[in-house]
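Just below is one structure, and these are the notes that go with it.
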Amino acid sequence: MAANADHLKALVRAHASADDDLFYSVALQVAAKSARQGQGKFAVELRELVEAARTKQSRTGGRAATPVVQPRGELSSLLTAGYPDIQLDDMTLDSELRASLDRVLHEQRQRARLERFGFTPVHRILLSGPPGTGKSMTAAALAGELKLPLFTIRLDGLISRFMGETAAKLRLVFDAVAQTRAVYLFDEFDALGAERAAGNDVGEARRILNSFLLFLDEAPSESLVVAGTNHHQLLDRALFRRFDMIATYGPPTAEEAVQVIQRRLAGMDTGTVRWDAVTDSACGLSHAELVKAAEAAAKRAILTDRDVVDEQLLLAALAERHASHHA
């Protein structure tokens, strides 16, 4: 049996305290360890038992299938927990990117079936692109679609000036990846995964990156590990081979820009806006900047006792976002 003494004691404690979430978490740890030891059939069967038990509880009014958990102890300084309810349909994505993300969801939902044949679903994802193009929102949408918590790794807490501590903290994070099924987001990942051959690098920094690569290789497929970067050119080349999927984000096309604005203003009257006249002003702004412009126009309308966002309000708000680039 793959469970060690610590696992068995943890299972007994969880049972004694009627803590189903902890019980299932420890059981999944045992499954992950079994899979690494070559006991694939047992690992798949154990995971299926846990999923079936959680589903039964949620259908009969028991606990939710996904535990509402908060990081405790030292993890509380490393992770920020969220429980997103957004979906991919809430985002404006190009068709190719949307198809890739749909594949991630499909493979995760069919995880047990894939593992029965010796395959694992996509669970290590690198999102690359300029700021404000939807990388962090994608991680939230994946969590929302899969009804999982979103844990954002706080790099300010992870990266210590005593570099020997950083690898130890990384182990804590990846222990959590194995223990609690969730989406784990390493935002601004280039701060951690920069090229090991960089001229200002030191031996300890290389060891930290090597530790991350090892932990990523061993990350179980129950959780999604998502890394977001604005500067993919800074990343160590070895990282690209470790991710199951690399998704590239860019500024919205003219059509997508209009969709972003219309989506944010769905509760307002925009019937007088000539959208073809807006596209030139929207050009060059990121998804996030377009959302902020739409919100600014809407608030101005509301505060003048109107629910109508006209073309002039919208064009003025877009112009202000462009001007902020040159401030």
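Ligands are numbered from 1 in the order shown, residues from 1 within each chain, and chains are lettered A, B, ... in the order they appear in the structure tokens.
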
Pick out the residues sitting within 9 Å of range 174-185 of chain A, and hand them over as JSON, numbers by chain; count only C-alpha atoms, and ignore anything fewer than 5 positions along from it in its own chain.
{"A": [21, 22, 24, 25, 26, 27, 28, 29, 32, 66, 67, 69, 71, 75, 79, 136, 139, 140, 142, 143, 146, 147, 148, 149, 150, 151, 152, 153, 169, 215, 216, 218, 219, 220, 221, 222, 223, 224, 225, 226, 227, 228]}

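Among the candidates A:Ala43, A:Asn210, A:Val104, A:Gln312, the one nearest to Ala277 in chain A when counting only C-alpha atoms is A:Gln312.
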
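Our summary of the geometry notes that CA of Leu315 in chain A is positioned 13.2 Å from CA of Ala301 in chain A.
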
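Shortest separation to Arg72 in chain A among A:Ala297, A:Asp89, A:Leu172, A:Arg263 occurs at residue A:Leu172, atoms counted being only C-alpha atoms.
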
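Remark: for Gln39 in chain A, the closest of the candidate residues A:Val278, A:Ala288, A:Glu115, A:Ala294 is A:Glu115 (distances computed over only C-alpha atoms).
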
When DSSP is applied to the backbone of this structure, which of range 145-301 of chain A are assigned strand (DSSP E)? Write them out as a count of residues only.
18

Taking the backbone alone, and naming residues the way the document does, which bits of range 100-308 of chain A are alpha helix (DSSP H) by DSSP, as an MDAnalysis selection string?
chainID A and resid 100:109 111:116 135:146 155:158 163:179 190:193 203:218 237:242 254:264 275:282 287:303

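Using only C-alpha atoms, the shortest contact distance between Gln233 in chain A and any of A:Asp85, A:Glu96, A:Asp190, A:Glu107 is found at A:Asp190.
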
Could you state the separation of CA of Ala247 in chain A and CA of Leu126 in chain A in Å, given to one decimal place?
6.2 Å

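Comparing A:Phe243, A:Phe23, A:Gly82, A:Val273 by their smallest distance to Pro121 in chain A, the closest is A:Phe243 (using only C-alpha atoms).
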
Would you pick out the contacts of Gln259 in chain A at 12 Å or less, using only C-alpha atoms, so that residues sharing its chain but fewer than 2 positions from it are not included, and give the list as a PyMOL selection string?
chain A and resi 89-94+252-257+261-266+275-276+278-279+282+287+290-291+294

So that I can check the surroundings of Thr166 in chain A, please list as a list in words every protein, DNA and RNA residue that reaches within 9 Å of it, counting only C-alpha atoms and ignoring chain neighbours fewer than 6 positions away.
Gly157, Leu158, Ile159, Ser160 and Ile208 of chain A

Mind writing the picked residues with N, CA and C atoms as an mmCIF file, in the first residue's frame?
```
data_model
loop_
_atom_site.group_PDB
_atom_site.id
_atom_site.type_symbol
_atom_site.label_atom_id
_atom_site.label_comp_id
_atom_site.auth_asym_id
_atom_site.auth_seq_id
_atom_site.Cartn_x
_atom_site.Cartn_y
_atom_site.Cartn_z
ATOM 1 N N GLY A 157 5.941 37.094 -0.939
ATOM 2 C CA GLY A 157 6.150 36.231 0.211
ATOM 3 C C GLY A 157 7.017 35.030 -0.108
ATOM 4 N N LEU A 158 6.987 34.624 -1.379
ATOM 5 C CA LEU A 158 7.725 33.427 -1.780
ATOM 6 C C LEU A 158 9.215 33.683 -1.928
ATOM 7 N N ILE A 159 9.562 34.795 -2.581
ATOM 8 C CA ILE A 159 10.966 35.065 -2.877
ATOM 9 C C ILE A 159 11.583 35.814 -1.705
ATOM 10 N N SER A 160 12.444 35.126 -0.991
ATOM 11 C CA SER A 160 13.067 35.689 0.201
ATOM 12 C C SER A 160 14.446 36.237 -0.141
ATOM 13 N N ILE A 208 17.071 27.466 -7.135
ATOM 14 C CA ILE A 208 15.643 27.720 -6.933
ATOM 15 C C ILE A 208 14.858 27.327 -8.179
#
```
